[in-house]
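Content type compact mmCIF, C-alpha atoms and all ligand atoms, from the file my_file36.txt:
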# COMPACT_ATOMS: atom_id res chain seq x y z
CA MET A 1 -45.99 42.48 39.51
CA GLU A 2 -46.74 45.47 41.70
CA THR A 3 -43.71 47.57 42.47
CA PHE A 4 -42.69 50.52 44.56
CA PRO A 5 -42.50 53.84 42.68
CA GLU A 6 -39.37 55.09 40.92
CA ASN A 7 -38.37 57.31 43.84
CA THR A 8 -37.81 54.22 46.00
CA ALA A 9 -34.74 52.01 45.74
CA LEU A 10 -33.66 48.70 47.22
CA LEU A 11 -30.08 48.85 48.47
CA LEU A 12 -28.24 45.54 48.74
CA VAL A 13 -25.37 45.89 51.19
CA ASP A 14 -22.36 43.63 50.57
CA ILE A 15 -24.12 40.32 49.81
CA GLN A 16 -20.74 38.89 48.84
CA ASN A 17 -19.20 35.43 49.10
CA ASP A 18 -16.73 36.29 51.84
CA PHE A 19 -19.55 37.25 54.22
CA CYS A 20 -21.48 34.05 53.45
CA LEU A 21 -21.04 30.34 54.16
CA ARG A 22 -17.37 29.28 53.85
CA GLY A 23 -16.32 32.88 53.24
CA SER A 24 -13.27 34.34 54.98
CA LEU A 25 -15.43 36.62 57.16
CA ALA A 26 -18.53 34.45 57.27
CA VAL A 27 -21.51 35.96 59.07
CA ALA A 28 -23.66 33.35 60.84
CA ASP A 29 -26.70 32.32 58.77
CA ALA A 30 -25.95 34.95 56.11
CA ASP A 31 -27.10 32.61 53.34
CA GLN A 32 -30.58 32.53 54.85
CA ILE A 33 -31.20 36.09 53.66
CA ILE A 34 -30.78 35.18 49.97
CA PRO A 35 -34.32 33.84 49.33
CA VAL A 36 -35.76 36.73 51.37
CA VAL A 37 -33.84 39.32 49.33
CA ASN A 38 -34.71 37.54 46.08
CA ARG A 39 -38.42 37.89 46.91
CA LEU A 40 -38.01 41.63 47.49
CA ILE A 41 -35.96 42.43 44.38
CA PRO A 42 -38.78 42.20 41.79
CA ARG A 43 -40.84 44.72 43.79
CA PHE A 44 -38.36 47.52 43.12
CA GLN A 45 -37.76 49.48 39.93
CA ILE A 46 -34.31 50.51 41.15
CA VAL A 47 -31.93 48.01 42.74
CA VAL A 48 -28.46 49.15 43.82
CA ALA A 49 -25.79 46.66 44.90
CA GLY A 50 -23.00 47.79 47.22
CA HIS A 51 -19.69 45.96 47.39
CA ASP A 52 -16.94 45.81 49.98
CA TRP A 53 -13.98 46.15 47.61
CA HIS A 54 -10.56 46.01 49.17
CA PRO A 55 -7.03 46.03 47.77
CA PRO A 56 -4.93 43.00 48.91
CA ASN A 57 -3.03 45.09 51.51
CA HIS A 58 -6.06 46.81 53.01
CA ALA A 59 -5.64 48.55 56.40
CA SER A 60 -8.59 46.60 57.86
CA PHE A 61 -6.81 43.25 57.38
CA LYS A 62 -5.11 41.55 60.35
CA GLN A 63 -1.69 41.38 58.69
CA GLU A 64 -1.84 45.19 58.36
CA GLY A 65 -2.85 45.61 62.01
CA GLY A 66 -6.59 45.79 61.34
CA PRO A 67 -9.47 43.87 62.95
CA TRP A 68 -10.55 41.55 60.11
CA PRO A 69 -9.25 38.56 58.22
CA PRO A 70 -8.61 39.43 54.57
CA HIS A 71 -11.97 39.58 52.76
CA CYS A 72 -13.61 40.98 49.64
CA VAL A 73 -10.33 41.46 47.81
CA GLN A 74 -10.97 43.23 44.50
CA HIS A 75 -11.72 40.94 41.55
CA ARG A 76 -11.45 37.74 43.61
CA ARG A 77 -14.22 35.22 44.12
CA GLY A 78 -14.76 36.28 47.71
CA ALA A 79 -15.77 39.75 46.51
CA GLU A 80 -18.39 38.49 44.05
CA LEU A 81 -22.06 38.68 44.91
CA HIS A 82 -23.51 35.45 46.31
CA PRO A 83 -24.16 33.12 43.34
CA LEU A 84 -27.82 32.56 44.30
CA LEU A 85 -28.59 36.27 44.64
CA ASP A 86 -30.86 37.42 41.79
CA ASN A 87 -28.58 39.93 40.04
CA SER A 88 -30.75 40.21 36.93
CA SER A 89 -32.16 43.64 37.75
CA ILE A 90 -29.27 45.40 39.47
CA ALA A 91 -29.23 48.89 37.96
CA PHE A 92 -26.11 50.21 39.69
CA ARG A 93 -23.16 48.80 41.55
CA VAL A 94 -21.12 50.81 44.01
CA TYR A 95 -17.74 49.94 45.50
CA LYS A 96 -16.25 51.08 48.81
CA GLY A 97 -13.16 50.38 50.88
CA SER A 98 -10.95 50.60 47.80
CA LEU A 99 -8.26 52.79 49.37
CA SER A 100 -5.59 50.78 51.18
CA ASP A 101 -5.04 53.17 54.11
CA HIS A 102 -8.48 53.37 55.74
CA ASP A 103 -11.73 51.45 56.04
CA GLN A 104 -15.17 52.51 54.83
CA TYR A 105 -18.33 50.83 56.06
CA SER A 106 -20.93 53.10 54.46
CA GLU A 107 -22.11 52.58 50.90
CA PHE A 108 -22.27 56.40 50.76
CA ASP A 109 -18.48 56.28 50.61
CA GLY A 110 -18.88 54.10 47.55
CA THR A 111 -18.68 55.04 43.89
CA THR A 112 -19.69 53.37 40.66
CA ALA A 113 -16.99 52.00 38.35
CA SER A 114 -17.15 55.33 36.53
CA GLY A 115 -16.60 57.27 39.76
CA GLU A 116 -20.11 58.52 40.54
CA LYS A 117 -20.92 58.70 44.26
CA LEU A 118 -23.95 56.82 45.58
CA ASP A 119 -25.61 60.00 46.91
CA ASP A 120 -25.28 61.79 43.54
CA LEU A 121 -26.56 58.76 41.68
CA LEU A 122 -29.66 58.57 43.90
CA LYS A 123 -30.35 62.33 44.01
CA LYS A 124 -29.98 62.68 40.25
CA ARG A 125 -32.79 60.13 39.85
CA GLY A 126 -35.04 61.66 42.49
CA ILE A 127 -34.69 58.69 44.82
CA ALA A 128 -35.77 59.72 48.31
CA THR A 129 -36.65 56.42 49.98
CA LEU A 130 -34.33 53.47 50.58
CA TYR A 131 -35.10 49.93 51.63
CA VAL A 132 -31.91 48.40 53.02
CA VAL A 133 -30.97 44.71 53.24
CA GLY A 134 -27.71 42.75 53.44
CA LEU A 135 -24.54 42.20 55.45
CA ALA A 136 -23.68 42.96 58.04
CA THR A 137 -26.31 44.57 60.31
CA ASP A 138 -23.75 45.83 62.85
CA TYR A 139 -21.18 47.20 60.36
CA CYS A 140 -21.94 48.18 56.79
CA VAL A 141 -25.75 48.14 57.09
CA ARG A 142 -25.57 50.27 60.24
CA ALA A 143 -23.12 52.79 58.76
CA THR A 144 -25.05 53.02 55.49
CA VAL A 145 -28.40 53.53 57.22
CA LEU A 146 -27.09 56.21 59.61
CA ASP A 147 -25.48 58.03 56.65
CA ALA A 148 -28.71 57.80 54.63
CA LEU A 149 -30.71 59.28 57.52
CA ASN A 150 -28.20 62.13 57.87
CA ARG A 151 -28.58 62.85 54.18
CA GLY A 152 -32.35 63.07 54.51
CA TYR A 153 -33.51 59.79 52.99
CA ALA A 154 -36.49 57.93 54.37
CA VAL A 155 -35.01 54.59 55.37
CA TYR A 156 -36.65 51.20 55.84
CA VAL A 157 -34.47 48.50 57.39
CA VAL A 158 -35.71 45.00 56.57
CA GLU A 159 -34.64 43.12 59.68
CA ASP A 160 -35.19 39.58 58.42
CA ALA A 161 -33.12 40.33 55.29
CA MET A 162 -29.88 40.96 57.18
CA ARG A 163 -27.53 39.26 59.62
CA ALA A 164 -24.96 40.61 62.10
CA VAL A 165 -21.29 39.77 62.68
CA GLU A 166 -21.81 39.91 66.48
CA VAL A 167 -18.19 40.38 67.54
CA ALA A 168 -19.92 40.93 70.88
CA ALA A 169 -23.25 39.23 71.49
CA GLY A 170 -26.11 41.69 71.00
CA ASP A 171 -24.31 43.94 68.49
CA GLY A 172 -26.98 43.26 65.85
CA ARG A 173 -29.84 44.12 68.17
CA ARG A 174 -28.04 47.26 69.37
CA ALA A 175 -27.38 48.35 65.79
CA LEU A 176 -31.08 47.98 64.95
CA GLU A 177 -31.96 50.05 68.02
CA GLU A 178 -29.49 52.74 66.98
CA MET A 179 -30.93 52.86 63.46
CA ARG A 180 -34.45 53.06 64.89
CA SER A 181 -33.49 55.94 67.23
CA GLY A 182 -31.93 57.70 64.26
CA GLY A 183 -35.26 57.63 62.43
CA ALA A 184 -35.15 54.40 60.42
CA HIS A 185 -38.26 52.25 60.16
CA ILE A 186 -37.47 48.68 61.18
CA ILE A 187 -39.77 46.34 59.28
CA ARG A 188 -40.08 42.75 58.10
CA SER A 189 -40.03 41.55 54.51
CA ARG A 190 -43.63 40.37 54.76
CA SER A 191 -44.72 43.99 55.31
CA VAL A 192 -42.58 45.19 52.40
CA LEU A 193 -44.31 42.75 50.05
CA ALA A 194 -47.73 43.78 51.35
CA GLU A 195 -46.82 47.46 51.02
CA ALA A 196 -45.73 47.10 47.40
CA ARG A 197 -49.14 45.63 46.64
CA SER A 198 -51.11 48.40 48.34
CA ASN A 199 -48.90 51.11 46.73
CA ALA A 200 -49.71 49.70 43.32
CA ALA A 201 -53.42 49.56 44.17
CA GLN A 202 -53.37 53.30 44.95
CA GLY A 203 -51.82 53.93 41.54
C1 LIG B 301 -18.16 44.61 56.65
C2 LIG B 301 -16.60 44.05 58.22
C3 LIG B 301 -15.57 44.39 57.36
C4 LIG B 301 -19.61 44.70 56.26
C5 LIG B 301 -17.16 44.95 55.77
O1 LIG B 301 -19.90 44.64 55.04
O2 LIG B 301 -20.46 44.81 57.15
N1 LIG B 301 -17.87 44.17 57.87
N2 LIG B 301 -15.88 44.84 56.13
ZN ZN B 302 -14.37 45.11 54.64
Translate this structure into C-alpha cells?
Amino acid sequence: METFPENTALLLVDIQNDFCLRGSLAVADADQIIPVVNRLIPRFQIVVAGHDWHPPNHASFKQEGGPWPPHCVQHRRGAELHPLLDNSSIAFRVYKGSLSDHDQYSEFDGTTASGEKLDDLLKKRGIATLYVVGLATDYCVRATVLDALNRGYAVYVVEDAMRAVEVAAGDGRRALEEMRSGGAHIIRSRSVLAEARSNAAQG
C-alpha cells in the first residue's frame, strides 16, 4: 500500500474510551471517527498516539475545582485507546496531563514512558509534517496543532477524523478557523488517501 514518506507522521490525539460513547467525558459522535482513522493509519510509516493521562486527583477534575468530570485516569479503562482503533502500527505513545496541579492540552507537553518529549522524538527522526486526527477538535487537537505550527511543522488537520466537545455551540468550527489562520491545512480524509497514492506514484 502506498504510504507517505518517513518525514511525515500521523498523530492520533486522545482517541480514548472516556472521550467516546459511554465515556465520562463523551464527545458527541466521537466513535464515528474510528473507521476514518483506521483507513488513514496504514498510509503512514510513523503513527504516534497521544494520551490524556491524569492522576486521580487532577486539577482539571470538578471535585478539585476544575471544569471537567474525572476522565482518562492513569491505567484505568477510560484512559485506554478505543478498542476498535487499529493500534497495530503505533510506533510511539506520548502521555500528557500527568501532573496533578495543572492541565495540559497539547501533545507537545507529552512524553513517552521513558521521558522523551514529543518534539525531540519527531525532530530526531526528521519528521517535519504532521497529519492530525482525534479528540477533541476544540481542546487537545487545537492546542496540539497550534503548538506544532509554532514549532515549524507543516500541519494537516483532517476535519472528518475529529469531533469537538462544543461546550459552546460553534467551538469546533471556531477552532478549525483558528488552526487555519495559524497556517494549518484543513483537509478531508478522502484527500489524504488520494495524496498518499500520488506521493507514492512520484517515488
Ligand atoms: C481533552 C478536555 C479535557 C481533549 C482533554 O483531549 O481534548 N479535553 N481533557
Ligand atoms: Zn483531560
Legend entry - Close residues to ligand LIG 301 (chain B) using all atoms listed in the file, limit 10 Å, as a ChimeraX atom specification: /A:13-16,18-19,25-27,50-54,60-61,66-72,96-97,103-107,134-144,163-165
Inset, instruction - Work out how far apart CA of Phe44 in chain A and CA of Glu6 in chain A are and give it in Å to one decimal. - result: 7.9 Å
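With all atoms listed in the file as the atoms that count, the minimum distance from ligand ZN 302 (chain B) to the choices A:Ala79, A:Val192, A:Ala30, A:Leu85 is reached by A:Ala79.
Among the candidates A:Ile187, A:Val158, A:Val73, A:Met179, the residue lying nearest to ligand ZN 302 (chain B) is A:Val73 (atoms considered: all atoms listed in the file).
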Inset, instruction - Tell me which protein, DNA and RNA residues are within 10 Å of Tyr156 in chain A, counting only C-alpha atoms, leaving out same-chain ones fewer than 4 positions away, and put them as a ChimeraX atom specification. - result: /A:10,129-133,145,179-180,183-188,192
